[in-house]
Amino acid sequence: MYRLRLFGGVALESPAGQVAGRAVQPRRLALLALLGANRSQGWTREKLISLLWPETDPVDARQNLSQSLYLLRRALGEDALTSQGDLVSLNPVIVTSDVCDFVSALEAGDASTASTFYTGPFLDGFYIKGASEFEDWVETERRQLADAYA
């Protein structure tokens, strides 16, 4: 099982330690952050492209997304990401996230447990050059999660 940490920065951990390599380059981490913060709802491929590759030629942007999904599946296992039609999501059985655990604890009315997951601002210090819509999404999520924590 993998653990995606999105509070206080961003990191992907396996039972053996922090994951390194091509799967955790910045845009792939951003992709994981989008999927990990969205719980099991997923994102359409078009929305992911518009958030992560907004200024890239559409054909190239679609190829970038496909390549990123391929590399993530290769690193995390084929079943780590699920696709249903145009919708992409994380498989919570294989990849868990501190944000999902935080929100689930709040929904269950367990503020004490929720507070243990919040270790700092959402994606603190994480930035993707040339992806202003992604940055806007991060700011909105950061504010909402901080308000929920408060």
# chains A, B, ... in the order shown; residues from 1 in each chain; ligands from 1
$ residues_around --residues "Ala61 of chain A" --least-positions-apart "2" --cutoff "12 Å" --atoms "only C-alpha atoms" --output "count of residues only"
22
$ select_by_dssp --residues "chain A" --states "alpha helix (DSSP H)" --output "ChimeraX atom specification"
/A:26-37,45-52,58-76,98-107,111-117,132-149
$ residues_around --residues "Arg28 of chain A" --least-positions-apart "3" --cutoff "9 Å" --atoms "only C-alpha atoms" --output "list in words"
Arg22, Ala23, Val24, Gln25, Leu31, Leu32, Ala33, Leu65, Ser68, Leu69, Leu71 and Leu72 of chain A
$ select_by_dssp --residues "chain A" --states "strand (DSSP E or B)" --output "list in words"
Tyr2, Arg3, Leu4, Arg5, Phe7, Gly9, Ala11, Leu12, Glu13, Ser14, Gly17, Gln18, Trp43, Thr44, Leu81, Thr82, Ser83, Gln84, Leu87, Val88, Ser89, Leu90, Val95, Thr96, Ser97 and Phe122 of chain A
$ atom_distance --atom1 "atom CA of Tyr149 of chain A" --atom2 "atom CA of Ala114 of chain A"
7.8 Å
$ atom_distance --atom1 "atom CA of Ala146 of chain A" --atom2 "atom CA of Val19 of chain A"
26.7 Å
$ closest_atom_pairs --of "segment 75-129 of chain A" --to "segment 8-13 of chain A" --cutoff "10 Å" --atoms "only C-alpha atoms" --output "Markdown table"
| residue | atom | partner | partner_atom | distance |
| --- | --- | --- | --- | --- |
| A:Val95 | CA | A:Leu12 | CA | 9.1 |
| A:Thr96 | CA | A:Leu12 | CA | 9.7 |
| A:Ser97 | CA | A:Leu12 | CA | 9.2 |
| A:Tyr118 | CA | A:Gly8 | CA | 7.9 |
| A:Thr119 | CA | A:Gly8 | CA | 5.6 |
| A:Gly120 | CA | A:Gly8 | CA | 3.9 |
| A:Pro121 | CA | A:Gly8 | CA | 5.1 |
| A:Phe122 | CA | A:Gly8 | CA | 5.9 |
| A:Leu123 | CA | A:Gly9 | CA | 4.4 |
| A:Asp124 | CA | A:Gly9 | CA | 4.4 |
| A:Gly125 | CA | A:Gly9 | CA | 6.1 |
| A:Phe126 | CA | A:Gly9 | CA | 6.3 |
$ write_last_selection --atoms "all heavy atoms" --output "short mmCIF file (atom, residue, chain, number, x, y, z; two decimals), in the first residue's frame"
data_model
loop_
_atom_site.label_atom_id
_atom_site.label_comp_id
_atom_site.auth_asym_id
_atom_site.auth_seq_id
_atom_site.Cartn_x
_atom_site.Cartn_y
_atom_site.Cartn_z
N VAL A 95 -3.67 3.14 -2.81
CA VAL A 95 -3.06 4.43 -2.49
C VAL A 95 -3.99 5.19 -1.55
O VAL A 95 -5.12 5.53 -1.93
CB VAL A 95 -2.80 5.28 -3.75
CG1 VAL A 95 -2.12 6.59 -3.38
CG2 VAL A 95 -1.98 4.51 -4.77
N THR A 96 -3.53 5.42 -0.33
CA THR A 96 -4.31 6.20 0.62
C THR A 96 -3.74 7.61 0.69
O THR A 96 -2.61 7.85 0.27
CB THR A 96 -4.28 5.57 2.03
OG1 THR A 96 -2.94 5.59 2.52
CG2 THR A 96 -4.83 4.16 2.01
N SER A 97 -4.53 8.52 1.23
CA SER A 97 -4.09 9.90 1.32
C SER A 97 -4.48 10.49 2.66
O SER A 97 -5.55 10.20 3.20
CB SER A 97 -4.68 10.70 0.15
OG SER A 97 -5.41 11.78 0.52
N TYR A 118 -3.71 16.44 9.86
CA TYR A 118 -3.37 17.78 9.37
C TYR A 118 -2.01 18.18 9.94
O TYR A 118 -1.90 18.61 11.07
CB TYR A 118 -4.45 18.79 9.78
CG TYR A 118 -4.32 20.12 9.07
CD1 TYR A 118 -5.04 20.38 7.93
CD2 TYR A 118 -3.46 21.10 9.55
CE1 TYR A 118 -4.92 21.59 7.26
CE2 TYR A 118 -3.33 22.31 8.89
CZ TYR A 118 -4.06 22.55 7.76
OH TYR A 118 -3.94 23.74 7.09
N THR A 119 -0.97 18.04 9.14
CA THR A 119 0.39 18.31 9.61
C THR A 119 0.97 19.60 9.04
O THR A 119 2.15 19.87 9.20
CB THR A 119 1.32 17.14 9.26
OG1 THR A 119 1.27 16.93 7.85
CG2 THR A 119 0.90 15.87 9.99
N GLY A 120 0.14 20.37 8.37
CA GLY A 120 0.57 21.64 7.79
C GLY A 120 -0.32 21.98 6.62
O GLY A 120 -1.17 21.19 6.22
N PRO A 121 -0.13 23.17 6.04
CA PRO A 121 -0.97 23.57 4.91
C PRO A 121 -0.91 22.57 3.75
O PRO A 121 0.12 21.95 3.49
CB PRO A 121 -0.39 24.92 4.50
CG PRO A 121 0.30 25.42 5.72
CD PRO A 121 0.82 24.21 6.42
N PHE A 122 -2.02 22.44 3.06
CA PHE A 122 -2.14 21.57 1.90
C PHE A 122 -1.11 21.95 0.84
O PHE A 122 -1.02 23.12 0.45
CB PHE A 122 -3.57 21.69 1.36
CG PHE A 122 -3.85 20.90 0.12
CD1 PHE A 122 -3.95 19.52 0.16
CD2 PHE A 122 -4.05 21.53 -1.09
CE1 PHE A 122 -4.24 18.79 -0.98
CE2 PHE A 122 -4.34 20.82 -2.24
CZ PHE A 122 -4.43 19.44 -2.18
N LEU A 123 -0.33 20.98 0.39
CA LEU A 123 0.70 21.15 -0.65
C LEU A 123 1.60 22.36 -0.37
O LEU A 123 1.97 23.10 -1.27
CB LEU A 123 0.06 21.28 -2.03
CG LEU A 123 -0.64 20.05 -2.58
CD1 LEU A 123 -1.19 20.32 -3.97
CD2 LEU A 123 0.26 18.84 -2.61
N ASP A 124 1.96 22.52 0.89
CA ASP A 124 2.79 23.64 1.30
C ASP A 124 4.11 23.65 0.54
O ASP A 124 4.84 22.66 0.52
CB ASP A 124 3.06 23.56 2.81
CG ASP A 124 3.62 24.84 3.37
OD1 ASP A 124 3.32 25.92 2.83
OD2 ASP A 124 4.36 24.75 4.38
N GLY A 125 4.40 24.77 -0.13
CA GLY A 125 5.65 24.93 -0.86
C GLY A 125 5.70 24.24 -2.21
O GLY A 125 6.73 24.26 -2.87
N PHE A 126 4.61 23.63 -2.64
CA PHE A 126 4.59 22.91 -3.91
C PHE A 126 4.03 23.82 -4.99
O PHE A 126 2.99 24.44 -4.82
CB PHE A 126 3.73 21.64 -3.78
CG PHE A 126 3.75 20.77 -4.99
CD1 PHE A 126 4.86 20.01 -5.29
CD2 PHE A 126 2.64 20.70 -5.83
CE1 PHE A 126 4.88 19.18 -6.42
CE2 PHE A 126 2.64 19.88 -6.94
CZ PHE A 126 3.77 19.13 -7.24
#
$ atom_distance --atom1 "atom CA of Trp43 of chain A" --atom2 "atom CA of Val88 of chain A"
5.4 Å
$ closest_residue --among "A:Gly21, A:Tyr2, A:Ala148, A:Ser132" --to "Ala105 of chain A" --atoms "only C-alpha atoms"
A:Ala148
$ closest_residue --among "A:Ala30, A:Phe7, A:Ser112, A:Val138" --to "Cys100 of chain A" --atoms "only C-alpha atoms"
A:Phe7
$ closest_residue --among "A:Thr44, A:Ser104, A:Ser14, A:Thr140" --to "Thr82 of chain A" --atoms "only C-alpha atoms"
A:Thr44
$ residues_around --residues "Asp101 of chain A" --least-positions-apart "2" --cutoff "12 Å" --atoms "only C-alpha atoms" --output "PDB file with N, CA, C and O atoms, in the first residue's frame"
ATOM      1  N   ARG A   3       1.143   5.559   0.460  1.00  0.00           N
ATOM      2  CA  ARG A   3       0.565   6.656   1.246  1.00  0.00           C
ATOM      3  C   ARG A   3       0.953   7.976   0.593  1.00  0.00           C
ATOM      4  O   ARG A   3       2.146   8.264   0.409  1.00  0.00           O
ATOM      5  N   LEU A   4      -0.042   8.747   0.238  1.00  0.00           N
ATOM      6  CA  LEU A   4       0.165  10.052  -0.367  1.00  0.00           C
ATOM      7  C   LEU A   4      -0.028  11.107   0.720  1.00  0.00           C
ATOM      8  O   LEU A   4      -1.101  11.222   1.300  1.00  0.00           O
ATOM      9  N   ARG A   5       1.055  11.828   1.006  1.00  0.00           N
ATOM     10  CA  ARG A   5       1.002  12.898   2.005  1.00  0.00           C
ATOM     11  C   ARG A   5       0.875  14.234   1.278  1.00  0.00           C
ATOM     12  O   ARG A   5       1.751  14.591   0.487  1.00  0.00           O
ATOM     13  N   LEU A   6      -0.208  14.951   1.547  1.00  0.00           N
ATOM     14  CA  LEU A   6      -0.476  16.222   0.882  1.00  0.00           C
ATOM     15  C   LEU A   6      -0.490  17.390   1.862  1.00  0.00           C
ATOM     16  O   LEU A   6      -0.477  18.540   1.442  1.00  0.00           O
ATOM     17  N   PHE A   7      -0.518  17.109   3.140  1.00  0.00           N
ATOM     18  CA  PHE A   7      -0.446  18.165   4.148  1.00  0.00           C
ATOM     19  C   PHE A   7       1.017  18.437   4.477  1.00  0.00           C
ATOM     20  O   PHE A   7       1.807  17.513   4.672  1.00  0.00           O
ATOM     21  N   GLY A  36      -5.650  12.347  -5.263  1.00  0.00           N
ATOM     22  CA  GLY A  36      -5.669  12.013  -3.839  1.00  0.00           C
ATOM     23  C   GLY A  36      -6.552  12.920  -3.005  1.00  0.00           C
ATOM     24  O   GLY A  36      -7.100  12.499  -1.989  1.00  0.00           O
ATOM     25  N   ALA A  37      -6.695  14.160  -3.402  1.00  0.00           N
ATOM     26  CA  ALA A  37      -7.533  15.093  -2.657  1.00  0.00           C
ATOM     27  C   ALA A  37      -8.995  14.980  -3.053  1.00  0.00           C
ATOM     28  O   ALA A  37      -9.880  15.400  -2.312  1.00  0.00           O
ATOM     29  N   ASN A  38      -9.252  14.409  -4.209  1.00  0.00           N
ATOM     30  CA  ASN A  38     -10.613  14.316  -4.728  1.00  0.00           C
ATOM     31  C   ASN A  38     -11.318  13.048  -4.266  1.00  0.00           C
ATOM     32  O   ASN A  38     -12.413  12.753  -4.709  1.00  0.00           O
ATOM     33  N   ARG A  39     -10.669  12.291  -3.423  1.00  0.00           N
ATOM     34  CA  ARG A  39     -11.190  11.042  -2.902  1.00  0.00           C
ATOM     35  C   ARG A  39     -11.546  10.103  -4.032  1.00  0.00           C
ATOM     36  O   ARG A  39     -10.813   9.992  -4.990  1.00  0.00           O
ATOM     37  N   PRO A  92      -8.355   3.584  -3.650  1.00  0.00           N
ATOM     38  CA  PRO A  92      -8.029   3.809  -2.241  1.00  0.00           C
ATOM     39  C   PRO A  92      -7.561   2.558  -1.499  1.00  0.00           C
ATOM     40  O   PRO A  92      -7.045   2.656  -0.387  1.00  0.00           O
ATOM     41  N   VAL A  95      -3.672   3.136  -2.812  1.00  0.00           N
ATOM     42  CA  VAL A  95      -3.059   4.433  -2.486  1.00  0.00           C
ATOM     43  C   VAL A  95      -3.994   5.186  -1.547  1.00  0.00           C
ATOM     44  O   VAL A  95      -5.118   5.528  -1.928  1.00  0.00           O
ATOM     45  N   THR A  96      -3.532   5.417  -0.330  1.00  0.00           N
ATOM     46  CA  THR A  96      -4.310   6.201   0.622  1.00  0.00           C
ATOM     47  C   THR A  96      -3.740   7.611   0.690  1.00  0.00           C
ATOM     48  O   THR A  96      -2.614   7.850   0.268  1.00  0.00           O
ATOM     49  N   SER A  97      -4.534   8.519   1.228  1.00  0.00           N
ATOM     50  CA  SER A  97      -4.088   9.903   1.320  1.00  0.00           C
ATOM     51  C   SER A  97      -4.476  10.494   2.662  1.00  0.00           C
ATOM     52  O   SER A  97      -5.546  10.195   3.199  1.00  0.00           O
ATOM     53  N   ASP A  98      -3.584  11.334   3.195  1.00  0.00           N
ATOM     54  CA  ASP A  98      -3.873  11.990   4.465  1.00  0.00           C
ATOM     55  C   ASP A  98      -5.079  12.918   4.354  1.00  0.00           C
ATOM     56  O   ASP A  98      -5.853  13.062   5.291  1.00  0.00           O
ATOM     57  N   VAL A  99      -5.284  13.528   3.192  1.00  0.00           N
ATOM     58  CA  VAL A  99      -6.438  14.410   3.001  1.00  0.00           C
ATOM     59  C   VAL A  99      -7.732  13.608   3.092  1.00  0.00           C
ATOM     60  O   VAL A  99      -8.680  14.017   3.764  1.00  0.00           O
ATOM     61  N   VAL A 103     -10.620  14.202   5.934  1.00  0.00           N
ATOM     62  CA  VAL A 103     -12.017  14.495   5.602  1.00  0.00           C
ATOM     63  C   VAL A 103     -12.942  13.399   6.143  1.00  0.00           C
ATOM     64  O   VAL A 103     -14.003  13.697   6.696  1.00  0.00           O
ATOM     65  N   SER A 104     -12.529  12.151   6.019  1.00  0.00           N
ATOM     66  CA  SER A 104     -13.353  11.051   6.534  1.00  0.00           C
ATOM     67  C   SER A 104     -13.539  11.156   8.045  1.00  0.00           C
ATOM     68  O   SER A 104     -14.646  10.938   8.554  1.00  0.00           O
ATOM     69  N   ALA A 105     -12.469  11.493   8.754  1.00  0.00           N
ATOM     70  CA  ALA A 105     -12.568  11.651  10.219  1.00  0.00           C
ATOM     71  C   ALA A 105     -13.494  12.807  10.569  1.00  0.00           C
ATOM     72  O   ALA A 105     -14.312  12.702  11.499  1.00  0.00           O
ATOM     73  N   LEU A 106     -13.409  13.907   9.831  1.00  0.00           N
ATOM     74  CA  LEU A 106     -14.318  15.033  10.084  1.00  0.00           C
ATOM     75  C   LEU A 106     -15.766  14.633   9.822  1.00  0.00           C
ATOM     76  O   LEU A 106     -16.663  14.971  10.604  1.00  0.00           O
ATOM     77  N   GLU A 107     -15.983  13.922   8.718  1.00  0.00           N
ATOM     78  CA  GLU A 107     -17.350  13.487   8.384  1.00  0.00           C
ATOM     79  C   GLU A 107     -17.909  12.547   9.437  1.00  0.00           C
ATOM     80  O   GLU A 107     -19.116  12.507   9.668  1.00  0.00           O
ATOM     81  N   ALA A 108     -17.029  11.789  10.084  1.00  0.00           N
ATOM     82  CA  ALA A 108     -17.449  10.864  11.142  1.00  0.00           C
ATOM     83  C   ALA A 108     -17.601  11.584  12.487  1.00  0.00           C
ATOM     84  O   ALA A 108     -17.975  10.960  13.486  1.00  0.00           O
ATOM     85  N   ASP A 110     -15.133  12.942  14.215  1.00  0.00           N
ATOM     86  CA  ASP A 110     -13.969  12.670  15.057  1.00  0.00           C
ATOM     87  C   ASP A 110     -12.883  13.720  14.822  1.00  0.00           C
ATOM     88  O   ASP A 110     -11.892  13.479  14.127  1.00  0.00           O
ATOM     89  N   ALA A 111     -13.067  14.880  15.410  1.00  0.00           N
ATOM     90  CA  ALA A 111     -12.131  16.000  15.223  1.00  0.00           C
ATOM     91  C   ALA A 111     -10.743  15.674  15.771  1.00  0.00           C
ATOM     92  O   ALA A 111      -9.729  16.112  15.213  1.00  0.00           O
ATOM     93  N   THR A 113      -9.134  12.739  15.827  1.00  0.00           N
ATOM     94  CA  THR A 113      -8.407  11.942  14.842  1.00  0.00           C
ATOM     95  C   THR A 113      -8.085  12.780  13.618  1.00  0.00           C
ATOM     96  O   THR A 113      -6.973  12.713  13.086  1.00  0.00           O
ATOM     97  N   ALA A 114      -9.033  13.590  13.166  1.00  0.00           N
ATOM     98  CA  ALA A 114      -8.808  14.439  11.998  1.00  0.00           C
ATOM     99  C   ALA A 114      -7.588  15.328  12.207  1.00  0.00           C
ATOM    100  O   ALA A 114      -6.769  15.500  11.298  1.00  0.00           O
ATOM    101  N   SER A 115      -7.453  15.873  13.406  1.00  0.00           N
ATOM    102  CA  SER A 115      -6.333  16.790  13.670  1.00  0.00           C
ATOM    103  C   SER A 115      -4.979  16.103  13.579  1.00  0.00           C
ATOM    104  O   SER A 115      -3.972  16.756  13.306  1.00  0.00           O
ATOM    105  N   THR A 116      -4.934  14.787  13.749  1.00  0.00           N
ATOM    106  CA  THR A 116      -3.651  14.092  13.645  1.00  0.00           C
ATOM    107  C   THR A 116      -3.164  14.003  12.198  1.00  0.00           C
ATOM    108  O   THR A 116      -1.969  13.856  11.953  1.00  0.00           O
ATOM    109  N   PHE A 117      -4.084  14.097  11.252  1.00  0.00           N
ATOM    110  CA  PHE A 117      -3.707  14.020   9.836  1.00  0.00           C
ATOM    111  C   PHE A 117      -3.239  15.360   9.282  1.00  0.00           C
ATOM    112  O   PHE A 117      -2.460  15.406   8.339  1.00  0.00           O
ATOM    113  N   TYR A 118      -3.712  16.440   9.864  1.00  0.00           N
ATOM    114  CA  TYR A 118      -3.373  17.780   9.370  1.00  0.00           C
ATOM    115  C   TYR A 118      -2.014  18.179   9.943  1.00  0.00           C
ATOM    116  O   TYR A 118      -1.900  18.611  11.069  1.00  0.00           O
TER     117      TYR A 118
END
$ closest_residue --among "A:Gly130, A:Leu145, A:Ala16, A:Met1" --to "Ile94 of chain A" --atoms "only C-alpha atoms"
A:Met1
$ closest_residue --among "A:Pro26, A:Tyr70, A:Gly77, A:Leu90" --to "Ile128 of chain A" --atoms "only C-alpha atoms"
A:Pro26
$ decode --residues "segment 75-91 of chain A" --atoms "N, CA and C atoms" --output "PDB file, in the first residue's frame"
ATOM      1  N   ALA A  75       4.880   2.355 -11.682  1.00  0.00           N
ATOM      2  CA  ALA A  75       5.540   2.481 -10.382  1.00  0.00           C
ATOM      3  C   ALA A  75       4.683   1.954  -9.231  1.00  0.00           C
ATOM      4  N   LEU A  76       3.369   2.163  -9.299  1.00  0.00           N
ATOM      5  CA  LEU A  76       2.491   1.841  -8.179  1.00  0.00           C
ATOM      6  C   LEU A  76       1.701   0.551  -8.368  1.00  0.00           C
ATOM      7  N   GLY A  77       1.707   0.044  -9.574  1.00  0.00           N
ATOM      8  CA  GLY A  77       0.920  -1.146  -9.876  1.00  0.00           C
ATOM      9  C   GLY A  77      -0.234  -0.779 -10.783  1.00  0.00           C
ATOM     10  N   GLU A  78      -0.576  -1.686 -11.640  1.00  0.00           N
ATOM     11  CA  GLU A  78      -1.599  -1.444 -12.658  1.00  0.00           C
ATOM     12  C   GLU A  78      -2.937  -1.015 -12.064  1.00  0.00           C
ATOM     13  N   ASP A  79      -3.270  -1.541 -10.883  1.00  0.00           N
ATOM     14  CA  ASP A  79      -4.572  -1.256 -10.284  1.00  0.00           C
ATOM     15  C   ASP A  79      -4.590  -0.022  -9.396  1.00  0.00           C
ATOM     16  N   ALA A  80      -3.480   0.700  -9.286  1.00  0.00           N
ATOM     17  CA  ALA A  80      -3.423   1.871  -8.411  1.00  0.00           C
ATOM     18  C   ALA A  80      -4.293   3.014  -8.915  1.00  0.00           C
ATOM     19  N   LEU A  81      -4.425   3.105 -10.232  1.00  0.00           N
ATOM     20  CA  LEU A  81      -5.278   4.119 -10.849  1.00  0.00           C
ATOM     21  C   LEU A  81      -6.393   3.413 -11.579  1.00  0.00           C
ATOM     22  N   THR A  82      -7.582   3.937 -11.450  1.00  0.00           N
ATOM     23  CA  THR A  82      -8.709   3.344 -12.155  1.00  0.00           C
ATOM     24  C   THR A  82      -9.231   4.319 -13.202  1.00  0.00           C
ATOM     25  N   SER A  83      -9.718   3.787 -14.282  1.00  0.00           N
ATOM     26  CA  SER A  83     -10.322   4.587 -15.341  1.00  0.00           C
ATOM     27  C   SER A  83     -11.689   3.992 -15.660  1.00  0.00           C
ATOM     28  N   GLN A  84     -12.675   4.854 -15.632  1.00  0.00           N
ATOM     29  CA  GLN A  84     -14.027   4.455 -16.029  1.00  0.00           C
ATOM     30  C   GLN A  84     -14.455   5.447 -17.092  1.00  0.00           C
ATOM     31  N   GLY A  85     -14.409   5.033 -18.337  1.00  0.00           N
ATOM     32  CA  GLY A  85     -14.673   5.971 -19.418  1.00  0.00           C
ATOM     33  C   GLY A  85     -13.593   7.036 -19.433  1.00  0.00           C
ATOM     34  N   ASP A  86     -13.985   8.278 -19.299  1.00  0.00           N
ATOM     35  CA  ASP A  86     -13.042   9.395 -19.309  1.00  0.00           C
ATOM     36  C   ASP A  86     -12.618   9.806 -17.898  1.00  0.00           C
ATOM     37  N   LEU A  87     -13.120   9.113 -16.884  1.00  0.00           N
ATOM     38  CA  LEU A  87     -12.875   9.456 -15.491  1.00  0.00           C
ATOM     39  C   LEU A  87     -11.678   8.677 -14.946  1.00  0.00           C
ATOM     40  N   VAL A  88     -10.755   9.398 -14.288  1.00  0.00           N
ATOM     41  CA  VAL A  88      -9.561   8.784 -13.696  1.00  0.00           C
ATOM     42  C   VAL A  88      -9.609   9.020 -12.187  1.00  0.00           C
ATOM     43  N   SER A  89      -9.288   7.989 -11.404  1.00  0.00           N
ATOM     44  CA  SER A  89      -9.253   8.138  -9.951  1.00  0.00           C
ATOM     45  C   SER A  89      -8.198   7.213  -9.357  1.00  0.00           C
ATOM     46  N   LEU A  90      -7.884   7.467  -8.089  1.00  0.00           N
ATOM     47  CA  LEU A  90      -6.978   6.595  -7.348  1.00  0.00           C
ATOM     48  C   LEU A  90      -7.773   5.441  -6.757  1.00  0.00           C
ATOM     49  N   ASN A  91      -7.167   4.300  -6.682  1.00  0.00           N
ATOM     50  CA  ASN A  91      -7.766   3.157  -6.009  1.00  0.00           C
ATOM     51  C   ASN A  91      -7.394   3.280  -4.531  1.00  0.00           C
TER      52      ASN A  91
END
